[in-house]
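Containing mmCIF, C-alpha atoms: target.cif.
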```cif
data_coords
#
loop_
_atom_site.label_atom_id
_atom_site.label_comp_id
_atom_site.auth_asym_id
_atom_site.auth_seq_id
_atom_site.Cartn_x
_atom_site.Cartn_y
_atom_site.Cartn_z
CA MET A 127 2.46 82.36 36.76
CA ARG A 128 -0.82 83.84 35.71
CA PRO A 129 -4.03 81.86 35.37
CA ASP A 130 -4.18 82.60 31.66
CA GLU A 131 -0.85 80.89 31.22
CA LEU A 132 -2.32 77.65 32.41
CA GLU A 133 -2.98 75.18 29.66
CA PRO A 134 -6.27 73.35 30.02
CA MET A 135 -6.34 69.65 30.65
CA SER A 136 -6.90 67.61 27.55
CA ASP A 137 -10.36 66.11 27.12
CA ALA A 138 -8.91 62.63 27.45
CA MET A 139 -7.34 63.42 30.82
CA SER A 140 -10.48 65.17 32.02
CA ASP A 141 -12.58 62.18 31.04
CA LEU A 142 -10.21 59.84 32.77
CA LEU A 143 -10.43 61.82 36.00
CA GLU A 144 -14.18 61.27 36.07
CA ALA A 145 -13.47 57.69 37.10
CA GLU A 146 -11.86 58.84 40.34
CA ARG A 147 -14.36 61.56 41.17
CA PRO A 148 -16.80 59.46 43.23
CA LEU A 149 -15.84 59.30 46.88
CA ASP A 150 -15.05 56.14 48.75
CA HIS A 151 -17.82 54.94 51.00
CA VAL A 152 -16.50 54.11 54.43
CA PRO A 153 -18.21 50.93 55.71
CA ALA A 154 -20.65 51.35 58.57
CA ALA A 155 -18.61 49.28 61.00
CA THR A 156 -15.52 51.36 60.31
CA ARG A 157 -17.52 54.57 60.65
CA ALA A 158 -18.81 53.49 64.04
CA GLN A 159 -15.44 52.30 65.26
CA LEU A 160 -13.70 55.46 64.17
CA PHE A 161 -16.43 57.59 65.69
CA THR A 162 -15.87 55.81 68.97
CA ARG A 163 -12.19 56.60 68.83
CA VAL A 164 -12.73 60.23 67.87
CA THR A 165 -15.24 60.85 70.64
CA ALA A 166 -13.00 59.11 73.17
CA SER A 167 -10.09 61.29 72.12
CA VAL A 168 -12.20 64.41 72.32
CA ALA A 169 -13.39 63.36 75.74
CA ALA A 170 -9.86 62.69 76.91
CA LEU A 171 -8.71 66.09 75.75
CA THR A 172 -11.77 67.71 77.21
CA ALA A 173 -11.46 65.95 80.51
CA ALA A 174 -7.78 66.77 80.71
CA GLY A 175 -8.49 70.38 79.90
CA ALA A 176 -11.19 70.59 82.49
CA ALA A 177 -9.17 68.81 85.11
CA ALA A 178 -6.14 70.97 84.46
CA GLY A 179 -8.10 74.09 84.97
CA ALA A 180 -8.86 75.49 88.33
CA ALA A 181 -12.39 74.28 88.03
CA SER A 182 -11.49 70.65 88.29
CA SER A 183 -14.08 70.26 90.93
CA VAL A 184 -17.00 70.15 88.63
CA ALA A 185 -19.81 69.95 91.06
CA SER A 186 -21.83 66.81 90.99
CA SER A 187 -24.98 68.83 90.89
CA GLY A 188 -25.81 68.29 87.29
CA THR A 189 -24.82 71.73 86.13
CA THR A 190 -23.46 72.36 82.69
CA ALA A 191 -19.71 72.48 82.72
CA ALA A 192 -17.61 74.51 80.35
CA ALA A 193 -15.19 71.69 80.15
CA ALA A 194 -12.63 72.71 77.64
CA THR A 195 -11.51 76.07 78.83
CA GLY A 196 -8.36 75.00 80.61
CA LYS A 197 -5.11 73.95 79.05
CA ALA A 198 -5.06 70.39 77.96
CA VAL A 199 -2.19 68.68 79.68
CA ILE A 200 -2.75 65.30 78.21
CA GLY A 201 -0.20 64.39 75.60
CA GLY A 202 0.66 61.31 73.68
CA ALA A 203 -1.41 61.90 70.65
CA ALA A 204 -0.95 59.77 67.63
CA GLY A 205 2.65 59.44 66.80
CA SER A 206 4.00 61.62 69.54
CA GLY A 207 4.44 59.18 72.37
CA THR A 208 4.58 62.04 74.82
CA THR A 209 3.88 61.28 78.41
CA ALA A 210 1.59 63.72 80.03
CA ALA A 211 2.60 65.40 83.21
CA ILE A 212 -0.44 64.36 85.10
CA GLY A 213 -0.73 62.60 88.35
CA GLY A 214 -2.22 59.23 89.01
CA THR A 215 -5.44 60.50 90.50
CA LEU A 216 -5.99 62.81 87.61
CA ALA A 217 -5.12 60.03 85.23
CA THR A 218 -7.87 57.97 86.74
CA LYS A 219 -10.32 60.81 86.37
CA VAL A 220 -9.29 61.39 82.78
CA ILE A 221 -9.79 57.78 81.82
CA ILE A 222 -13.02 57.49 83.71
CA ALA A 223 -14.30 60.62 82.04
CA ALA A 224 -13.10 59.51 78.63
CA VAL A 225 -14.64 56.09 79.00
CA ALA A 226 -17.85 57.60 80.25
CA PHE A 227 -17.86 59.80 77.21
CA THR A 228 -17.29 56.86 74.94
CA VAL A 229 -19.90 54.59 76.35
CA GLY A 230 -22.34 57.22 77.49
CA GLY A 231 -25.63 57.65 75.75
CA GLY A 232 -28.21 60.36 75.64
CA VAL A 233 -28.06 63.78 74.18
CA GLY A 234 -24.83 65.65 74.53
CA ALA A 235 -21.65 64.41 76.07
CA THR A 236 -22.76 62.64 79.15
CA VAL A 237 -19.78 62.58 81.36
CA HIS A 238 -20.85 61.14 84.65
CA ALA A 239 -18.03 62.72 86.51
CA VAL A 240 -14.84 64.45 85.76
CA VAL A 241 -14.27 64.09 89.43
CA VAL A 242 -14.94 60.78 91.03
CA PRO A 243 -18.53 60.75 92.13
CA ARG A 244 -19.61 59.93 95.61
CA SER A 245 -22.05 57.23 96.38
CA PRO A 246 -24.81 57.31 95.34
CA PRO A 247 -23.64 58.52 91.95
CA PRO A 248 -24.84 61.97 91.07
CA ALA A 249 -26.98 62.83 88.15
CA PRO A 250 -25.04 62.92 84.91
CA ILE A 251 -23.31 66.14 84.06
CA VAL A 252 -23.94 67.31 80.56
CA VAL A 253 -20.81 68.86 79.21
CA ARG A 254 -21.02 71.25 76.35
CA VAL A 255 -17.59 71.46 74.83
CA GLU A 256 -15.94 74.30 73.06
CA PRO A 257 -13.03 73.58 70.76
CA GLN A 258 -9.74 74.36 72.35
CA ARG A 259 -7.60 77.13 71.06
CA PRO A 260 -4.66 77.48 71.31
CA VAL A 261 -3.80 74.21 72.97
CA GLU A 262 -0.44 73.89 74.60
CA ALA A 263 1.32 70.62 75.07
CA ALA A 264 -1.52 68.75 73.54
CA PRO A 265 -0.24 67.48 70.23
CA VAL A 266 -3.07 65.60 68.70
CA GLU A 267 -1.73 65.47 65.19
CA PRO A 268 1.05 63.11 64.20
CA ALA A 269 3.37 66.10 64.13
CA PRO A 270 3.95 68.22 67.20
CA THR A 271 2.03 70.94 65.50
CA VAL A 272 -0.04 70.80 62.41
CA PRO A 273 -0.57 74.18 60.92
CA VAL A 274 -4.07 74.87 59.90
CA PRO A 275 -5.19 77.34 57.30
CA GLU A 276 -5.27 80.80 58.67
CA PRO A 277 -8.73 82.02 59.28
CA VAL A 278 -9.76 84.26 56.47
CA ALA A 279 -10.13 87.83 57.53
CA ALA A 280 -13.82 88.33 57.54
CA PRO A 281 -15.18 91.41 59.21
CA GLY A 282 -18.46 89.75 59.81
CA LYS A 283 -17.01 86.50 60.95
CA ALA A 284 -19.35 84.58 63.10
CA PRO A 285 -18.42 84.00 66.70
CA ALA A 286 -16.50 80.87 67.51
CA PRO A 287 -18.84 77.98 67.04
CA GLN A 288 -19.74 75.77 69.89
CA VAL A 289 -19.07 72.17 69.27
CA THR A 290 -20.94 69.41 70.87
CA PRO A 291 -18.91 66.24 70.58
CA SER A 292 -21.58 63.69 70.37
CA PRO A 293 -21.87 60.55 72.38
CA LEU A 294 -21.39 57.20 70.86
CA ARG A 295 -24.74 55.84 69.95
CA PRO A 296 -25.01 52.11 70.05
CA ARG A 297 -25.19 50.79 66.53
CA ASP A 298 -26.15 47.28 67.44
CA GLY A 299 -26.91 44.98 70.33
CA THR A 300 -23.33 43.80 70.67
CA LEU A 301 -22.03 47.26 71.19
CA GLU A 302 -24.82 47.96 73.64
CA ALA A 303 -23.83 44.88 75.64
CA GLU A 304 -20.22 45.97 75.59
CA ARG A 305 -21.20 49.42 76.65
CA THR A 306 -23.14 48.10 79.61
CA LEU A 307 -20.21 46.13 80.97
CA VAL A 308 -17.67 48.88 80.49
CA GLU A 309 -20.04 51.38 82.05
CA GLN A 310 -20.50 49.08 85.05
CA ALA A 311 -16.77 48.92 85.48
CA ARG A 312 -16.35 52.63 85.07
CA ALA A 313 -19.04 53.41 87.62
CA ALA A 314 -17.60 50.91 90.11
CA LEU A 315 -14.14 52.33 89.70
CA ALA A 316 -15.45 55.83 90.16
CA ARG A 317 -16.76 54.62 93.56
CA HIS A 318 -13.34 53.10 94.29
CA GLU A 319 -14.87 49.63 94.15
CA SER A 320 -12.08 47.94 92.29
CA GLY A 321 -13.35 44.41 92.84
CA PRO A 322 -16.65 44.81 91.01
CA ALA A 323 -14.85 46.88 88.39
CA LEU A 324 -12.40 44.08 87.73
CA GLU A 325 -15.21 41.55 87.57
CA ALA A 326 -17.11 43.56 84.97
CA LEU A 327 -13.95 44.07 82.95
CA ALA A 328 -13.10 40.38 83.11
CA GLN A 329 -16.57 39.56 81.87
CA HIS A 330 -16.14 42.00 79.02
CA GLU A 331 -12.81 40.40 78.16
CA ARG A 332 -14.37 36.94 78.13
CA GLU A 333 -17.36 37.90 76.06
CA PHE A 334 -15.79 40.49 73.80
CA PRO A 335 -12.09 39.75 73.54
CA GLN A 336 -11.87 41.82 70.35
CA GLY A 337 -14.74 44.17 71.10
CA GLN A 338 -15.10 47.73 69.98
CA LEU A 339 -14.45 48.97 73.50
CA THR A 340 -11.33 46.91 74.08
CA GLU A 341 -9.14 50.00 74.31
CA GLU A 342 -11.34 51.46 77.04
CA ARG A 343 -11.51 48.11 78.84
CA MET A 344 -7.76 47.69 78.91
CA ALA A 345 -7.20 51.22 80.18
CA LEU A 346 -9.76 50.71 82.92
CA GLN A 347 -8.16 47.40 83.86
CA VAL A 348 -4.88 49.16 84.54
CA LEU A 349 -6.62 51.66 86.78
CA ALA A 350 -8.65 49.02 88.55
CA LEU A 351 -5.58 46.90 89.24
CA VAL A 352 -3.75 49.91 90.64
CA GLU A 353 -6.76 50.66 92.80
CA HIS A 354 -6.77 47.02 93.86
CA ASP A 355 -3.13 47.36 94.88
CA GLU A 356 -1.97 44.92 92.23
CA ARG A 357 0.64 47.14 90.69
CA ALA A 358 2.65 44.38 89.06
CA ALA A 359 -0.42 43.11 87.25
CA ALA A 360 -1.34 46.68 86.36
CA ALA A 361 2.11 47.28 84.92
CA ALA A 362 1.90 44.09 82.87
CA ARG A 363 -1.49 45.12 81.57
CA ALA A 364 -0.13 48.58 80.73
CA VAL A 365 2.62 46.99 78.64
CA LYS A 366 0.00 45.09 76.66
CA PHE A 367 -2.07 48.24 76.31
CA ARG A 368 0.87 50.17 74.89
CA ALA A 369 1.71 47.37 72.49
CA ARG A 370 -1.83 47.15 71.23
CA TYR A 371 -2.66 50.84 71.16
CA PRO A 372 0.64 52.68 70.73
CA HIS A 373 -1.09 55.89 69.75
CA SER A 374 -3.91 55.83 72.25
CA LEU A 375 -4.83 59.13 73.79
CA LEU A 376 -5.42 57.21 77.01
CA GLN A 377 -1.76 56.14 77.10
CA PRO A 378 -0.43 59.13 79.05
CA ALA A 379 -3.11 58.67 81.66
CA VAL A 380 -2.34 54.96 81.89
CA ASP A 381 1.35 55.77 82.36
CA ALA A 382 0.56 58.38 84.95
CA ALA A 383 -1.62 55.97 86.90
CA LEU A 384 1.40 53.76 87.36
CA ALA A 385 3.77 56.56 88.21
CA PRO A 386 5.28 56.25 91.68
CA MET B 224 -23.78 79.29 57.16
CA ALA B 225 -24.10 78.03 60.66
CA ALA B 226 -21.18 76.50 62.48
CA PRO B 227 -21.18 72.78 61.95
CA ASP B 228 -22.05 70.41 64.71
CA PHE B 229 -19.12 68.11 65.21
CA GLU B 230 -21.01 64.87 64.78
CA ARG B 231 -22.65 66.24 61.65
CA LEU B 232 -19.25 67.28 60.40
CA TYR B 233 -18.02 63.74 60.93
CA GLU B 234 -20.99 62.05 59.32
CA ASP B 235 -21.15 64.37 56.35
CA HIS B 236 -17.46 64.48 55.54
CA LEU B 237 -15.89 61.21 56.63
CA ASP B 238 -16.08 59.83 53.10
CA TYR B 239 -14.47 62.98 51.75
CA VAL B 240 -11.68 62.99 54.33
CA TRP B 241 -11.11 59.28 53.80
CA SER B 242 -10.94 59.63 50.01
CA SER B 243 -8.69 62.67 50.26
CA LEU B 244 -6.24 60.89 52.52
CA ARG B 245 -6.10 57.95 50.17
CA ARG B 246 -5.56 60.20 47.18
CA LEU B 247 -2.77 61.89 49.10
CA GLY B 248 -0.99 58.59 49.39
CA VAL B 249 -1.98 57.24 52.80
CA ALA B 250 -1.92 53.45 52.67
CA PRO B 251 -5.24 51.68 53.32
CA ALA B 252 -3.96 50.24 56.59
CA HIS B 253 -3.42 53.76 57.93
CA LEU B 254 -6.52 55.50 56.68
CA GLU B 255 -8.42 55.04 59.92
CA ASP B 256 -5.60 56.39 62.08
CA THR B 257 -5.03 59.40 59.87
CA ALA B 258 -8.74 60.12 59.53
CA HIS B 259 -8.90 60.07 63.32
CA ASP B 260 -6.12 62.65 63.44
CA VAL B 261 -7.86 64.83 60.89
CA PHE B 262 -11.09 64.95 62.87
CA ILE B 263 -9.37 65.55 66.18
CA THR B 264 -7.44 68.41 64.60
CA ALA B 265 -10.65 69.72 63.09
CA TRP B 266 -12.30 69.60 66.50
CA ARG B 267 -9.45 71.52 68.08
CA LYS B 268 -9.36 74.11 65.30
CA LEU B 269 -13.04 74.48 64.67
CA ALA B 270 -13.06 77.84 66.39
CA ASP B 271 -10.75 79.07 63.63
CA TYR B 272 -13.06 77.93 60.87
CA ASP B 273 -14.95 80.66 59.08
CA PRO B 274 -18.47 79.28 58.54
CA SER B 275 -18.96 81.60 55.57
CA ARG B 276 -16.41 79.60 53.60
CA PRO B 277 -16.80 76.08 52.21
CA ILE B 278 -15.70 73.48 54.66
CA LYS B 279 -14.20 70.92 52.30
CA PRO B 280 -11.10 72.97 51.43
CA TRP B 281 -10.58 73.60 55.12
CA LEU B 282 -10.79 69.89 55.89
CA PHE B 283 -8.56 69.10 52.95
CA GLY B 284 -5.93 71.50 54.29
CA ILE B 285 -5.91 69.56 57.55
CA ALA B 286 -5.87 66.23 55.73
CA PHE B 287 -2.96 67.39 53.59
CA ARG B 288 -0.88 68.25 56.64
CA VAL B 289 -1.73 65.03 58.41
CA ALA B 290 -0.90 63.03 55.28
CA SER B 291 2.33 64.94 54.73
CA ASP B 292 3.46 64.29 58.26
CA PHE B 293 2.46 60.66 57.94
CA ARG B 294 4.63 60.24 54.89
CA GLU B 295 7.58 61.97 56.50
CA ARG B 296 7.84 59.45 59.29
CA ALA B 297 10.56 57.08 58.25
CA SER B 298 8.96 53.90 59.44
CA VAL B 299 5.71 54.67 57.77
CA ARG B 300 7.44 55.71 54.59
CA ARG B 301 9.15 52.34 54.38
CA GLU B 302 5.82 50.65 54.90
CA VAL B 303 4.13 52.71 52.23
CA GLN B 304 6.89 51.95 49.78
CA GLY B 305 6.59 48.29 50.58
CA GLU B 306 2.89 48.35 49.93
CA GLU B 307 3.44 50.13 46.67
CA LEU B 308 5.88 47.52 45.54
CA ASP B 309 3.52 44.75 46.55
CA ARG B 310 0.69 46.34 44.71
CA GLU B 311 2.83 46.80 41.65
CA ASP B 312 2.93 43.06 41.16
CA GLU B 313 -0.81 42.66 41.47
CA ARG B 314 -1.86 45.48 39.25
CA PRO B 315 -3.18 44.84 35.82
CA GLY B 316 -1.10 45.87 32.89
CA ALA B 317 -1.80 49.16 31.21
CA ASP B 318 -3.36 47.43 28.22
CA ALA B 319 -6.08 46.00 30.42
CA LEU B 320 -7.04 49.34 31.95
CA ILE B 321 -10.16 49.77 29.88
CA HIS B 322 -13.09 49.40 32.21
CA GLU B 323 -14.30 51.88 34.76
CA GLN B 324 -12.63 50.29 37.74
CA GLN B 325 -9.49 49.92 35.79
CA ARG B 326 -9.68 53.51 34.66
CA ARG B 327 -9.93 54.43 38.30
CA ALA B 328 -6.92 52.30 39.08
CA LEU B 329 -5.05 54.06 36.32
CA VAL B 330 -5.91 57.46 37.75
CA ARG B 331 -4.82 56.38 41.20
CA ARG B 332 -1.54 55.07 39.96
CA ALA B 333 -0.91 58.24 38.02
CA LEU B 334 -1.73 60.32 41.09
CA GLU B 335 0.92 58.47 43.03
CA ALA B 336 3.55 59.75 40.62
CA ILE B 337 2.80 63.39 41.47
CA PRO B 338 4.75 64.92 44.37
CA ILE B 339 2.40 65.47 47.26
CA GLU B 340 2.50 69.28 47.25
CA ARG B 341 1.47 69.35 43.61
CA ARG B 342 -0.89 66.45 44.06
CA ALA B 343 -2.82 68.29 46.75
CA VAL B 344 -3.48 71.19 44.40
CA PHE B 345 -4.39 68.82 41.59
CA ILE B 346 -6.85 66.84 43.72
CA MET B 347 -8.53 69.91 45.12
CA HIS B 348 -8.93 71.58 41.76
CA GLU B 349 -9.38 68.75 39.28
CA LEU B 350 -11.30 66.27 41.41
CA ASP B 351 -13.00 68.40 44.03
CA GLY B 352 -13.67 71.35 41.73
CA CYS B 353 -12.22 73.84 44.16
CA PRO B 354 -11.26 77.24 42.69
CA ILE B 355 -7.54 77.89 42.79
CA PRO B 356 -7.80 80.90 45.13
CA ASP B 357 -9.55 78.65 47.65
CA VAL B 358 -6.91 76.00 47.09
CA ALA B 359 -4.19 78.52 47.81
CA THR B 360 -5.93 79.63 50.98
CA ALA B 361 -6.50 76.11 52.25
CA LEU B 362 -2.95 75.01 51.59
CA GLU B 363 -1.47 78.30 52.76
CA VAL B 364 0.51 78.96 49.61
CA PRO B 365 0.68 82.05 47.41
CA LEU B 366 -1.78 82.11 44.54
CA ASN B 367 0.96 81.95 41.93
CA THR B 368 2.47 78.94 43.64
CA ALA B 369 -0.87 77.18 43.51
CA TYR B 370 -1.19 77.85 39.79
CA SER B 371 2.37 76.74 39.20
CA ARG B 372 1.83 73.52 41.13
CA LEU B 373 -1.33 72.82 39.21
CA ARG B 374 0.47 73.24 35.90
CA LEU B 375 3.26 70.92 36.96
CA ALA B 376 0.84 68.40 38.42
CA ARG B 377 -1.13 68.27 35.19
CA ARG B 378 2.08 67.63 33.31
CA ASP B 379 3.11 64.91 35.77
CA PHE B 380 -0.30 63.29 35.64
CA GLN B 381 -0.52 63.22 31.88
CA ALA B 382 3.02 61.92 31.52
CA GLU B 383 2.38 59.11 33.99
CA VAL B 384 -0.90 58.12 32.35
CA GLN B 385 0.82 57.95 29.00
CA ARG B 386 3.69 55.97 30.45
CA LEU B 387 1.30 53.48 32.03
CA GLN B 388 -0.58 53.16 28.77
CA GLY B 389 2.62 52.58 26.88
CA VAL B 390 2.37 55.76 24.89
CA PRO B 391 5.81 56.92 23.75
CA ALA B 392 6.88 60.22 25.29
#
```

Show how you would write the structure in this file as structure tokens.
Amino acid sequence: MRPDELEPMSDAMSDLLEAERPLDHVPAATRAQLFTRVTASVAALTAAGAAAGAASSVASSGTTAAAATGKAVIGGAAGSGTTAAIGGTLATKVIIAAVAFTVGGGVGATVHAVVVPRSPPPAPIVVRVEPQRPVEAAPVEPAPTVPVPEPVAAPGKAPAPQVTPSPLRPRDGTLEAERTLVEQARAALARHESGPALEALAQHEREFPQGQLTEERMALQVLALVEHDERAAAAARAVKFRARYPHSLLQPAVDAALAP
Amino acid sequence: MAAPDFERLYEDHLDYVWSSLRRLGVAPAHLEDTAHDVFITAWRKLADYDPSRPIKPWLFGIAFRVASDFRERASVRREVQGEELDREDERPGADALIHEQQRRALVRRALEAIPIERRAVFIMHELDGCPIPDVATALEVPLNTAYSRLRLARRDFQAEVQRLQGVPA
């Protein structure tokens, strides 16, 4: 049909629509919580992409890593339930990197190590992330693929923008306290010190049983228990993790950590 | 227009994405999950975004696909229907829909009666003020299809409003 065949809306209907025009305001707590999840997911995808690429050995020299150039091999995005074909060691690195991303502060995505750092821990690596295109086997949308509007042909189209997924910035003291404990655990686990990692995670669980970083804590607990050679406990914890966060992007890495 | 920083994109457009998902029929309990999926998809596809074009239609196109997929999943669909039935009992009658909040509730109920493909066009054009050519581009449909959907959506919307208000057809 042609535009001129379109009858205008009646004044009454147009007036009525005014009532719905204002946008919802997402509460601050929800904004922060969702931002945490988004950045963790971005970090997981980024870490997986970086680890899958040949340059998985991001040097611990503090250089800037182009982290998202490889194929993302992490699966299990919301609704897909796919298990990623990644090994246990890589799974550990992915979760450690993702958690570091989530709890890390400072400017840029402060991922302390995509590879497990040696002791003493190296200076943080600032990762500048480019959006992935095209991503294979990394269904992030509920559907295996979600088509996106074709880019409009524009002769003067700007070069692909660089995206800097931002770190979670503590919004209050509680989150800061959570962040500290989870970061302690992450750093200990990165040094293969599973005992201190488990202690920090247990403290987090006692003090923040429903905290904003519970998802990260539970994923790290699985890894720490595996590292501590308590596979049965790790498997039990993984079952709880899956039940609580069925769509977690950390799920494939948790599964892989327990793989024989 | 410069390429958007991802955090800025999130901060500036979360309310819009959230509202769009709700208008597209995502139940309140699932808004956070679907908004998460929209922003992750946006992050992955940001390289495809043309900064010379408005970003809201682009985000809406992603939200539409996420919402459509959400509704197609059988388990979720059952849940949505259940919520709709529950809400039906709590909603005020059409005669009471006279104040602003109630007018908004009336609009929302009427929107629910529009099939999602038409509803997406209707929301983008009538609520967001997006020109139909941009709507067609964002939703990846021919221009004539977009116009046709808008016409049908307007008819659906008006008919549902009148039905809710007890106006004889």

| Quick one: of B:Leu334, B:Leu282, B:Ala270, B:Ile346, who's nearest to chain A, counting all atoms listed in the file? |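 Closest residue, counting all atoms listed in the file: B:Ala270.
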
| task | Select, counting all atoms listed in the file, all protein, DNA and RNA residues no farther than 12 Å from (-4.0, 54.5, 55.6) in file coordinates, and express the selection as number ranges by chain. | result | B: 240-260, 286, 289-290, 293-294, 299-300, 302-303, 306

| What do you get, as a VMD selection string, if you spell out every residue that the PyMOL selection byres ((chain B) within 6 of (chain A)) selects here? | chain B and resid 226 228 to 230 238 242 259 to 260 266 to 267 270 to 271 327 350 361 363 367

Produce a file of the selected residues containing C-alpha atoms, as a PDB file, keeping the file's coordinate frame.
```pdb
ATOM      1  CA  ALA B 226     -21.180  76.500  62.480  1.00  0.00           C
ATOM      2  CA  ASP B 228     -22.050  70.410  64.710  1.00  0.00           C
ATOM      3  CA  PHE B 229     -19.120  68.110  65.210  1.00  0.00           C
ATOM      4  CA  GLU B 230     -21.010  64.870  64.780  1.00  0.00           C
ATOM      5  CA  ASP B 238     -16.080  59.830  53.100  1.00  0.00           C
ATOM      6  CA  SER B 242     -10.940  59.630  50.010  1.00  0.00           C
ATOM      7  CA  HIS B 259      -8.900  60.070  63.320  1.00  0.00           C
ATOM      8  CA  ASP B 260      -6.120  62.650  63.440  1.00  0.00           C
ATOM      9  CA  TRP B 266     -12.300  69.600  66.500  1.00  0.00           C
ATOM     10  CA  ARG B 267      -9.450  71.520  68.080  1.00  0.00           C
ATOM     11  CA  ALA B 270     -13.060  77.840  66.390  1.00  0.00           C
ATOM     12  CA  ASP B 271     -10.750  79.070  63.630  1.00  0.00           C
ATOM     13  CA  ARG B 327      -9.930  54.430  38.300  1.00  0.00           C
ATOM     14  CA  LEU B 350     -11.300  66.270  41.410  1.00  0.00           C
ATOM     15  CA  ALA B 361      -6.500  76.110  52.250  1.00  0.00           C
ATOM     16  CA  GLU B 363      -1.470  78.300  52.760  1.00  0.00           C
ATOM     17  CA  ASN B 367       0.960  81.950  41.930  1.00  0.00           C
TER      18      ASN B 367
END
```

| request: Could you please determine the separation between atom CA of B:Ala382 and atom CA of B:Ala343 in Å, to one decimal place? | output: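 About the pair atom CA of B:Ala382 and atom CA of B:Ala343: they are 17.5 Å apart.
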
| query | Distance atom CA of A:His330-atom CA of A:Leu307, one decimal place? | reply | 6.1 Å

| said: Taking only C-alpha atoms into account, name the residue in B:Ile285, B:Val384, B:Leu362, B:Ile278 that is nearest to B:Ala328. | reply: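 Among B:Ile285, B:Val384, B:Leu362, B:Ile278, it is B:Val384 that comes nearest to B:Ala328.
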
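Across the model, the gap from atom CA of A:Gly299 to atom CA of A:Arg363 is 27.8 Å.
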
| request: Rank A:Glu309, A:Glu342, A:Glu304, A:Glu325 by their smallest atom-to-atom distance to A:Ala379, using only C-alpha atoms, and report the top residue only. | output: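 Among the listed residues, the smallest separation from A:Ala379 belongs to A:Glu342.
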
| query | Contacts of A:Arg368 at 12 Å or less, counting only C-alpha atoms, minus same-chain residues fewer than 6 places along, as a PyMOL selection string? | reply | chain A and resi 202+207+341+344-345+348+361-362+374-381

| task | Within 9 Å of B:Glu335, counting all atoms listed in the file, which residues show up once you throw out same-chain ones fewer than 2 positions away? Write them as a VMD selection string, please. | result | chain B and resid 246 to 248 330 to 333 337 to 339 342 380

Atoms are missing here; could stretch 346-350 of chain B be completed with all heavy atoms and written as a PDB file, in the coordinates of the input?
```pdb
ATOM      1  N   ILE B 346      -5.638  67.497  43.199  1.00  0.00           N
ATOM      2  CA  ILE B 346      -6.850  66.840  43.720  1.00  0.00           C
ATOM      3  C   ILE B 346      -7.927  67.862  44.020  1.00  0.00           C
ATOM      4  O   ILE B 346      -9.095  67.702  43.647  1.00  0.00           O
ATOM      5  CB  ILE B 346      -6.502  66.030  44.988  1.00  0.00           C
ATOM      6  CG1 ILE B 346      -5.602  64.846  44.645  1.00  0.00           C
ATOM      7  CG2 ILE B 346      -7.772  65.543  45.680  1.00  0.00           C
ATOM      8  CD1 ILE B 346      -4.986  64.179  45.874  1.00  0.00           C
ATOM      9  N   MET B 347      -7.523  68.924  44.724  1.00  0.00           N
ATOM     10  CA  MET B 347      -8.530  69.910  45.120  1.00  0.00           C
ATOM     11  C   MET B 347      -9.200  70.551  43.901  1.00  0.00           C
ATOM     12  O   MET B 347     -10.409  70.763  43.878  1.00  0.00           O
ATOM     13  CB  MET B 347      -7.897  70.999  45.986  1.00  0.00           C
ATOM     14  CG  MET B 347      -7.470  70.541  47.371  1.00  0.00           C
ATOM     15  SD  MET B 347      -6.904  71.914  48.408  1.00  0.00           S
ATOM     16  CE  MET B 347      -8.474  72.639  48.887  1.00  0.00           C
ATOM     17  N   HIS B 348      -8.378  70.854  42.904  1.00  0.00           N
ATOM     18  CA  HIS B 348      -8.930  71.580  41.760  1.00  0.00           C
ATOM     19  C   HIS B 348      -9.589  70.648  40.749  1.00  0.00           C
ATOM     20  O   HIS B 348     -10.733  70.872  40.337  1.00  0.00           O
ATOM     21  CB  HIS B 348      -7.821  72.384  41.079  1.00  0.00           C
ATOM     22  CG  HIS B 348      -8.318  73.246  39.955  1.00  0.00           C
ATOM     23  ND1 HIS B 348      -9.120  74.358  40.159  1.00  0.00           N
ATOM     24  CD2 HIS B 348      -8.155  73.146  38.606  1.00  0.00           C
ATOM     25  CE1 HIS B 348      -9.420  74.908  38.991  1.00  0.00           C
ATOM     26  NE2 HIS B 348      -8.852  74.180  38.034  1.00  0.00           N
ATOM     27  N   GLU B 349      -8.882  69.595  40.365  1.00  0.00           N
ATOM     28  CA  GLU B 349      -9.380  68.750  39.280  1.00  0.00           C
ATOM     29  C   GLU B 349     -10.439  67.753  39.729  1.00  0.00           C
ATOM     30  O   GLU B 349     -11.322  67.404  38.955  1.00  0.00           O
ATOM     31  CB  GLU B 349      -8.212  67.992  38.634  1.00  0.00           C
ATOM     32  CG  GLU B 349      -7.110  68.879  38.089  1.00  0.00           C
ATOM     33  CD  GLU B 349      -7.559  69.706  36.876  1.00  0.00           C
ATOM     34  OE1 GLU B 349      -8.707  69.549  36.433  1.00  0.00           O
ATOM     35  OE2 GLU B 349      -6.750  70.522  36.403  1.00  0.00           O
ATOM     36  N   LEU B 350     -10.326  67.261  40.944  1.00  0.00           N
ATOM     37  CA  LEU B 350     -11.300  66.270  41.410  1.00  0.00           C
ATOM     38  C   LEU B 350     -12.402  66.888  42.263  1.00  0.00           C
ATOM     39  O   LEU B 350     -13.563  66.520  42.158  1.00  0.00           O
ATOM     40  CB  LEU B 350     -10.587  65.164  42.200  1.00  0.00           C
ATOM     41  CG  LEU B 350      -9.678  64.253  41.372  1.00  0.00           C
ATOM     42  CD1 LEU B 350      -8.917  63.286  42.280  1.00  0.00           C
ATOM     43  CD2 LEU B 350     -10.496  63.468  40.347  1.00  0.00           C
TER      44      LEU B 350
END
```
